[in-house]
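Each remark here refers to the structure printed beneath this line.
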Amino acid sequence: MPQDIAINGDNAVALAWKQIDPDVCAAYPITPQTIIVEKFAEYVANAEVSTEFVCVESEHSALTLCTSSASAGARTFTATASQGLAYMWEMLPITAAMRVPLIMAVANRAVSGPININNDHGDAMAARDCGWLMLFSENVQEAYDMSIVAPRIAEHHSVQLPCMVNLDGFVLTHAIERMTMVETQDVKSFVGEHKPLYPLLDVKHPVSHGNMDGPDFYYPHKYQSVIAMQKALEVCEEVFADFKKMTGRDYHLVEEYKCDDAEFIAIILGSSFGTMKATVDKLREKGIKAGCAMPRVFRPWPVEALAKAMAGKKAVAVYDKHLSIGSYGPMFPEVVAAASDLDKLPKMYNVIYGLGGADATVAGFEKSFQAVVDGKAEKIHYLGVRL
Amino acid sequence: MTTLAIKDLQQLPVRLTSGHRLCAGCAESIIAKQIMMGSEDPLAVSLSTGCFEVSTTVFPYTSWNTPYIHTAFGNGAATCAGLETAYNALKKKGKITENINFVNFAGDGATYDIGLQALSGAMERGHRMLYVCLNNEAYMNTGIQRSSATTIGAQTTTSWPGTVSSGKKEFSKDLTQIMVAHNIPYVAQVSPHNWRDTVQKAQKAFSCGGPAFINALSPCPRGWRFASDQTIAMAKLGVETCVWPLFEVVDGKYELTGESARIASGKVEKKPVMEWISSQGRYKHLLQDRWEPVIEQMQKEVDRRWNKLIKLSEL
């Protein structure tokens, strides 16, 4: 029988990794991801995994080593956050373009400066154009579950893309929650054996990875990734369906909460989805038909599923935990684009919240959501900023 | 281990095919072929971004008839380390049965400068891999800009000689010594004119069981300004002037090799640095009277490093 345990988000990710037992793991410590690699190192020290574990000298080398390891044909995992992800940035599009299905946990944290160790989505959002699959988690259970589904999606032969599993720093990484484990044998059979395509270390069939492209090939190769991303939408749904069969836990491209009859919905990412659900309940108590939705799969961007959630609504408020200074929050224009084919475009609002770990409370969400309902909201609202 | 007879070395597989796009007279493919002759076992190659990389892998072609990977500029050592790590993981699970050797080739920009951190990390961690620096003493791929391997007085497109400048102001970084300080099992300097010395050192590097580093002098006709049929002569002159001594450090023990051993033992006379300077257009401006002190400075520094090396080889 699957057990319920008390565990924090980082340890839950490490536990999923232990159950999967990847071939290679290379990582560099950074708060708030550190617990993942520390715990995994403990598994290595006690031979609870067979993984080759490499303590590299930087995140740039971490992602580099993982990329070539995955190219060589090894199932490969890493983890990072914030400055670490920023330091990896050069490699992010290279990893994706090399079509290696490595898995990276990202313990979402604000990017310097000023230096700040707390949670927001600045790190992941700055990586969103790099061609990686991106999954987000609302709670510790989901951080664990997404860690198990990620290899199935990434390694699917018609996808072959690296995947980030995002979990909010501290809010999830360090918070102990109740979680239902999956039996290790079930995890192993769910994830299955890794069957890499064109592995580099097949010396009888030598291949070149990472060649130089001129204009004739660069663009078509990028387009191949577009096709893979489109395919990943279907694959995510297939894998979520299989996961439901195994665990009963039901995941979707876009998670909806009380959206069906809602007139107003909020779209929000990560752990704040829970806070927003509580907000929706409070607004409903006041007779407001509110709902909320979270794009679990952020890349590929689930346009149709989002459009469906927004169809017929009076207004949509997009809550962004990051800011493109001089423009909007990063998710807002994408949600507007997803809504643009609806027969009637809802009123669209952007709320910026929680930067660098600033409070994200039900009270704050309720006030800002109420302003949207009342038609009194600004186009872009900086929630709770102290001037 | 293969003997050093040319007829035996010719039996080894051709891992780098002809038809690549390196400049006429480039030493890089010559050095790479000599290094790869040091491995009888299959060889996986990684390249740091640079001349060698862009010239051998323009899609849809590849010059590599052996597993090859490139990721980026400053991370060749980590790229190669990733192959070796995957190999260890897959070998112990029985998914790979062959013995495979690993080598990364990189220019001096990718080694002395932007890739030094990744190189240091990989060497410290003890990956079983050989890192070869194809040292042409500047960023040649981007058009001859100075690197920390560029020697004093050299003209580059970021260290121009001018009314107040004699070219690059600093001596080159002594990277080989930095690698020795990592206490890895094998470190060496090679020059392509002495192929026997190079192949032998590569054999030792591949069989040392841990991380190995070889710094190869790679004369560049474009960047150094000499005729493209003079590459090997130029490499030889580098050794004969002691600008580029040949030596190896096996488990910390220094030994001079090839012409350098003969110069040290007094069998052959050391040539003046002036011969080196006057053979290459990059130093042409130094021949003006006003820059004579720079030549003196260079001779003095070459002597100092050479004498230190002799002392080290006597330990």
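Every chain in the structure tokens has a letter given in the order shown (A, B, ...), and although residue numbers restart at 1 in each chain, ligands are simply numbered from 1 in the order shown.
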Who sits within 6 Å of Thr156 in chain B, only C-alpha atoms, same chain under 5 positions skipped, as a list in words: Ile144, Gln145 and Arg146 of chain B
DSSP on the backbone, strand (DSSP E or B) only: what residues of range 23-225 of chain A does that give? Format it as JSON, numbers by chain. {"A": [24, 25, 26, 27, 52, 53, 54, 55, 76, 77, 78, 79, 80, 103, 104, 105, 106, 107, 108, 133, 134, 135, 136, 163, 164, 165, 166, 167, 168, 176, 177, 178, 179, 180, 208, 209, 212]}
Would you pick out the contacts of Gly356 in chain A at 8 Å or less, using only C-alpha atoms, so that residues sharing its chain but fewer than 2 positions from it are not included, and give the list as number ranges by chain? A: 109-110, 116-120, 354, 358
Take the residues that were just selected and, keeping N, CA and C atoms, output them as a CSV table (one decimal), in the first residue's frame.
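Resulting contents of out32.csv:
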```
chain,number,residue,atom,x,y,z
A,109,ARG,N,13.3,30.8,-7.4
A,109,ARG,CA,13.8,31.8,-6.5
A,109,ARG,C,14.1,33.1,-7.3
A,110,ALA,N,13.9,34.3,-6.6
A,110,ALA,CA,14.2,35.5,-7.3
A,110,ALA,C,15.6,35.6,-7.8
A,116,ASN,N,18.5,38.2,-3.4
A,116,ASN,CA,17.4,37.9,-2.6
A,116,ASN,C,17.2,36.4,-2.7
A,117,ILE,N,17.0,35.7,-1.6
A,117,ILE,CA,17.0,34.2,-1.7
A,117,ILE,C,15.5,33.7,-1.8
A,118,ASN,N,14.6,34.6,-1.7
A,118,ASN,CA,13.2,34.1,-1.6
A,118,ASN,C,12.5,33.8,-2.9
A,119,ASN,N,11.3,33.3,-2.7
A,119,ASN,CA,10.6,32.8,-3.9
A,119,ASN,C,10.0,33.8,-4.8
A,120,ASP,N,10.3,33.8,-6.1
A,120,ASP,CA,9.3,34.2,-7.1
A,120,ASP,C,9.7,33.5,-8.4
A,354,GLY,N,4.2,39.2,-5.1
A,354,GLY,CA,5.1,38.2,-4.5
A,354,GLY,C,6.6,38.3,-4.9
A,358,ALA,N,7.8,38.6,-1.4
A,358,ALA,CA,6.8,39.5,-0.8
A,358,ALA,C,5.6,38.7,-0.5
```
Give me the residues within 6 Å of range 47-62 of chain B as JSON, numbers by chain, counting only C-alpha atoms and dropping any in the same chain fewer than 4 places off. {"A": [211, 212, 213], "B": [20, 21, 22, 70, 72, 73, 76, 104, 105, 106, 141]}
Keeping C-alpha atoms, export the residues of the selection given above as a compact mmCIF listing (two decimals), in the first residue's frame.
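Saved as selection-v7.txt:
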```txt
# COMPACT_ATOMS: atom_id res chain seq x y z
CA ASN A 211 27.25 20.57 -35.15
CA MET A 212 27.29 24.08 -36.54
CA ASP A 213 24.26 25.19 -38.57
CA HIS B 20 37.54 19.73 -43.30
CA ARG B 21 37.67 23.50 -43.61
CA LEU B 22 40.73 24.43 -41.56
CA HIS B 70 30.35 20.08 -29.03
CA ALA B 72 29.81 25.60 -26.06
CA PHE B 73 33.01 27.62 -25.67
CA GLY B 76 34.90 21.67 -23.12
CA ASN B 104 38.68 17.31 -25.48
CA PHE B 105 40.42 19.61 -27.94
CA ALA B 106 40.24 23.33 -27.33
CA ASN B 141 38.52 31.97 -34.73
```
Need to verify the contact set: range 24-29 of chain A, 10 Å, only C-alpha atoms, exclusion of same-chain residues closer than 6 positions in sequence. Can you return it as a count of residues only? 45
Env of range 149-153 of chain A: 6 Å cut, atoms = only C-alpha atoms, seq-sep filter 3 positions within chain, self excluded. Answer as number ranges by chain. A: 146, 156, 191
Store the residues picked out above, limited to C-alpha atoms, as a PDB file, in the first residue's frame.
```
ATOM      1  CA  MET A 146       5.837  15.920 -11.572  1.00  0.00           C
ATOM      2  CA  HIS A 156       9.118  10.151 -25.363  1.00  0.00           C
ATOM      3  CA  VAL A 191       9.117   5.584 -15.835  1.00  0.00           C
TER       4      VAL A 191
END
```
Closest of B:Ser279, B:Thr241, B:Ser218, B:Thr79 to His127 in chain B - atom-to-atom distances counting only C-alpha atoms: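 Nearest candidate to His127 in chain B out of B:Ser279, B:Thr241, B:Ser218, B:Thr79: B:Thr79.
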If we count only C-alpha atoms and set the cut-off at 9 Å, which residues sit around range 229-239 of chain A, ignoring sequence neighbours fewer than 6 positions away in its own chain? Please answer as a VMD selection string. chain A and resid 131 to 133 149 to 150 152 to 154 156 158 to 159 161 251 to 253 297 299 to 302
Using only C-alpha atoms for the distances, tell me which of B:Met37, B:Gly210, B:Gly25, B:Pro219 is nearest to Arg196 in chain B.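 Selected residue with least distance to Arg196 in chain B: B:Met37.
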Residues of range 10-240 of chain A in alpha helix (DSSP H), written as a ChimeraX atom specification: /A:10-20,34-45,59-72,82-88,91-97,122-125,140-155,184-191,215-240
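CA of Ala188 in chain B is positioned 19.3 Å from CA of Ser265 in chain B.
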Which one is closest to chain A: B:Ala5, B:Leu12, B:Ala24, B:Met123? Count only C-alpha atoms. B:Met123
